[in-house]
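To start, the structure itself, in C-alpha cells.
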Amino acid sequence: MWRRPGMRTDSSHSPPAAQVGRRVFLGVGLAAVGATVSCTRGTAGGTWRFFTPAQAQTVDAICAQLIPADQDPGAKEAGVVNFIDLQLSKRFKKYRAVYQQGIDAVDAASRSKFGTRFVELTGERQVEVLNVVEENSPVFFDLIVTHARQGFYGDPRHGGNRNMVSWKMLGLPFPPVRGREHYKG
C-alpha cells in the first residue's frame with residue numbers, strides 16, 4: 001500500500017535513519033528519465049492543452065502528494081502537471097483515456113469516502129484516497145507516478161522541472177544540450 005514517504009501508520013517512532021526519504025525513492029530512475037522523455041518543446045502557459053482546469057487541479061494535487069515539497073520544492077513547484085498536460089497532447093496521447101478514467105476514479109473515490117472533490121481534502125485524506133486508487137486503478141496510479149518522476153527530474157524543456165528545481169536539489173549542473181558546443185566569450 002502506498003503511503004507518503006515518512007508518514008507513520010502507527011504510533012511507534014522509528015529513527016530517521018530507518019526511513020527512506022522521498023528523494024532517494026524517486027531518484028532511483030533519474031538516469032533513465034533522460035532516455036525516456038521525448039524531445040518536445042513547450043512552455044508553461046495559462047491554458048491547458050489536454051486537461052480541463054478541474055482535471056489539472058486534481059493531477060496537480062495528486063503529484064503534490066507523490067512528490068511533496070519539504071526543505072526543497074516538490075512536484076507542484078516544479079510544474080509537473082504542466083509536463084503531464086503537454087506530453088498528453090504530444091508523446092503520451094495513447095494514455096489519454098487512462099488519465100481521463102483515472103482522474104474520474106480519484107474524484108469518485110474522494111466523493112464516496114469523504115463527500116467532496118480530491119483537491120478539497122486535507123493531505124492525510126488525499127493519501128487515503130490515493131491508497132484506494134492504487135488498489136482499484138493500478139494502471140493509472142503506476143502511470144502517474146512514472147510521469148510525475150519524469151516531469152520532476154527531466155529536462156525543463158519538456159514542460160516540467162521548472163527552474164531546474166530537482167537538479168539544484170541534487171546538485172547537478174545544467175547539462176548542455178547534446179550536439180551544441182558552449183563557447184566562452
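We label chains A, B, ... in the order they appear in the C-alpha cells, count residues from 1 in each chain, and number ligands from 1 in the order shown.
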Set the distance at 9 Å and use only C-alpha atoms: which residues neighbour Gly74 (chain A) once local chain neighbours fewer than 2 positions away are removed? I'd like the list as a list in words. Cys63, Ala64, Gln65, Leu66, Ile67, Pro68, Ala69, Asp70, Asp72, Lys76, Glu77, Ala78, Gly79, Val80, Phe152, Val165 and Ser166 of chain A
Write out as an NGL selection string which residues come within 10 Å of Arg125 (chain A) when counting only C-alpha atoms, dropping same-chain ones fewer than 6 positions away. :A and (110 or 113-114 or 118 or 131)
Separation of CA of Val129 (chain A) from CA of Lys90 (chain A), in Å and rounded to one decimal: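 Between CA of Val129 (chain A) and CA of Lys90 (chain A) the gap is 29.1 Å.
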Identify, on the basis of only C-alpha atoms, every residue whose closest approach to Leu143 (chain A) does not exceed 12 Å; exclude the query and any residue fewer than 2 positions from it along the same chain; express the result as a ChimeraX atom specification. /A:59,63,84,88,92,94-99,102-103,134,137-141,145-150
Writing out the chosen residues with N, CA and C atoms as a PDB file, in the first residue's frame:
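So selection21.pdb came out as:
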ATOM      1  N   VAL A  59      -4.804  16.567 -10.883  1.00  0.00           N
ATOM      2  CA  VAL A  59      -3.493  15.989 -11.189  1.00  0.00           C
ATOM      3  C   VAL A  59      -2.407  16.705 -10.400  1.00  0.00           C
ATOM      4  N   CYS A  63       0.051  14.817  -7.750  1.00  0.00           N
ATOM      5  CA  CYS A  63       1.515  14.904  -7.874  1.00  0.00           C
ATOM      6  C   CYS A  63       2.140  15.541  -6.639  1.00  0.00           C
ATOM      7  N   ILE A  84       2.926  16.852 -17.644  1.00  0.00           N
ATOM      8  CA  ILE A  84       1.995  15.778 -17.992  1.00  0.00           C
ATOM      9  C   ILE A  84       0.991  16.267 -19.033  1.00  0.00           C
ATOM     10  N   LEU A  88       0.683  14.759 -22.757  1.00  0.00           N
ATOM     11  CA  LEU A  88      -0.561  14.124 -23.186  1.00  0.00           C
ATOM     12  C   LEU A  88      -1.074  14.714 -24.500  1.00  0.00           C
ATOM     13  N   PHE A  92       2.436  11.351 -25.190  1.00  0.00           N
ATOM     14  CA  PHE A  92       1.665  10.438 -24.339  1.00  0.00           C
ATOM     15  C   PHE A  92       0.209  10.322 -24.775  1.00  0.00           C
ATOM     16  N   LYS A  94      -1.429   8.198 -26.259  1.00  0.00           N
ATOM     17  CA  LYS A  94      -2.036   6.876 -26.049  1.00  0.00           C
ATOM     18  C   LYS A  94      -2.520   6.679 -24.611  1.00  0.00           C
ATOM     19  N   TYR A  95      -2.118   7.564 -23.690  1.00  0.00           N
ATOM     20  CA  TYR A  95      -2.524   7.444 -22.287  1.00  0.00           C
ATOM     21  C   TYR A  95      -3.700   8.355 -21.918  1.00  0.00           C
ATOM     22  N   ARG A  96      -4.250   9.042 -22.889  1.00  0.00           N
ATOM     23  CA  ARG A  96      -5.329   9.990 -22.581  1.00  0.00           C
ATOM     24  C   ARG A  96      -6.514   9.322 -21.884  1.00  0.00           C
ATOM     25  N   ALA A  97      -6.970   8.207 -22.405  1.00  0.00           N
ATOM     26  CA  ALA A  97      -8.129   7.525 -21.813  1.00  0.00           C
ATOM     27  C   ALA A  97      -7.811   7.054 -20.397  1.00  0.00           C
ATOM     28  N   VAL A  98      -6.594   6.570 -20.175  1.00  0.00           N
ATOM     29  CA  VAL A  98      -6.189   6.128 -18.830  1.00  0.00           C
ATOM     30  C   VAL A  98      -6.256   7.308 -17.857  1.00  0.00           C
ATOM     31  N   TYR A  99      -5.779   8.466 -18.296  1.00  0.00           N
ATOM     32  CA  TYR A  99      -5.835   9.652 -17.435  1.00  0.00           C
ATOM     33  C   TYR A  99      -7.268  10.098 -17.181  1.00  0.00           C
ATOM     34  N   GLY A 102      -8.709   7.624 -14.814  1.00  0.00           N
ATOM     35  CA  GLY A 102      -8.019   7.701 -13.528  1.00  0.00           C
ATOM     36  C   GLY A 102      -8.410   8.925 -12.728  1.00  0.00           C
ATOM     37  N   ILE A 103      -8.476  10.073 -13.384  1.00  0.00           N
ATOM     38  CA  ILE A 103      -8.881  11.309 -12.693  1.00  0.00           C
ATOM     39  C   ILE A 103     -10.315  11.166 -12.193  1.00  0.00           C
ATOM     40  N   GLU A 134      -4.755   3.367  -5.846  1.00  0.00           N
ATOM     41  CA  GLU A 134      -3.663   2.444  -6.152  1.00  0.00           C
ATOM     42  C   GLU A 134      -4.172   1.004  -6.225  1.00  0.00           C
ATOM     43  N   SER A 137      -7.209   1.140  -9.281  1.00  0.00           N
ATOM     44  CA  SER A 137      -6.802   1.620 -10.611  1.00  0.00           C
ATOM     45  C   SER A 137      -5.275   1.608 -10.713  1.00  0.00           C
ATOM     46  N   PRO A 138      -4.657   0.416 -10.612  1.00  0.00           N
ATOM     47  CA  PRO A 138      -3.190   0.363 -10.571  1.00  0.00           C
ATOM     48  C   PRO A 138      -2.509   0.849 -11.846  1.00  0.00           C
ATOM     49  N   VAL A 139      -3.156   0.694 -12.991  1.00  0.00           N
ATOM     50  CA  VAL A 139      -2.542   1.152 -14.249  1.00  0.00           C
ATOM     51  C   VAL A 139      -2.393   2.670 -14.210  1.00  0.00           C
ATOM     52  N   PHE A 140      -3.461   3.367 -13.832  1.00  0.00           N
ATOM     53  CA  PHE A 140      -3.396   4.833 -13.726  1.00  0.00           C
ATOM     54  C   PHE A 140      -2.393   5.248 -12.663  1.00  0.00           C
ATOM     55  N   PHE A 141      -2.445   4.606 -11.507  1.00  0.00           N
ATOM     56  CA  PHE A 141      -1.559   5.002 -10.416  1.00  0.00           C
ATOM     57  C   PHE A 141      -0.094   4.847 -10.816  1.00  0.00           C
ATOM     58  N   VAL A 145       2.609   8.016 -11.340  1.00  0.00           N
ATOM     59  CA  VAL A 145       3.862   8.018 -10.572  1.00  0.00           C
ATOM     60  C   VAL A 145       5.043   8.143 -11.532  1.00  0.00           C
ATOM     61  N   THR A 146       5.033   7.363 -12.597  1.00  0.00           N
ATOM     62  CA  THR A 146       6.113   7.411 -13.591  1.00  0.00           C
ATOM     63  C   THR A 146       6.198   8.787 -14.233  1.00  0.00           C
ATOM     64  N   HIS A 147       5.068   9.336 -14.650  1.00  0.00           N
ATOM     65  CA  HIS A 147       5.067  10.640 -15.309  1.00  0.00           C
ATOM     66  C   HIS A 147       5.436  11.760 -14.338  1.00  0.00           C
ATOM     67  N   ALA A 148       5.052  11.632 -13.084  1.00  0.00           N
ATOM     68  CA  ALA A 148       5.440  12.646 -12.087  1.00  0.00           C
ATOM     69  C   ALA A 148       6.961  12.648 -11.917  1.00  0.00           C
ATOM     70  N   ARG A 149       7.555  11.485 -11.867  1.00  0.00           N
ATOM     71  CA  ARG A 149       9.023  11.396 -11.768  1.00  0.00           C
ATOM     72  C   ARG A 149       9.689  12.031 -12.981  1.00  0.00           C
ATOM     73  N   GLN A 150       9.177  11.698 -14.161  1.00  0.00           N
ATOM     74  CA  GLN A 150       9.756  12.249 -15.389  1.00  0.00           C
ATOM     75  C   GLN A 150       9.634  13.772 -15.409  1.00  0.00           C
TER      76      GLN A 150
END
Would you mind telling me which residue in A:Gln57, A:Thr47, A:Val81, A:Gly154 lies nearest to Trp167 (chain A) when using only C-alpha atoms?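 Nearest candidate to Trp167 (chain A) out of A:Gln57, A:Thr47, A:Val81, A:Gly154: A:Gly154.
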A:Ala105, A:Phe50, A:Ala61, A:Ala56 ranked by distance to Val119 (chain A), top pick (using only C-alpha atoms):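 Comparing A:Ala105, A:Phe50, A:Ala61, A:Ala56 against Val119 (chain A), the winner is A:Ala61.
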Please identify the helix (DSSP H, G or I) residues within region 36-141 of chain A (assignment by DSSP from backbone atoms) and present them as an NGL selection string. :A and (36 or 53-66 or 75-78 or 80-88 or 93-114 or 118-120 or 123-136 or 138-141)
Work out how far CA of Asp142 (chain A) is from CA of Ala54 (chain A), in Å to one decimal.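 Answer for the CA of Ala54 (chain A) to CA of Asp142 (chain A) separation: 21.3 Å.
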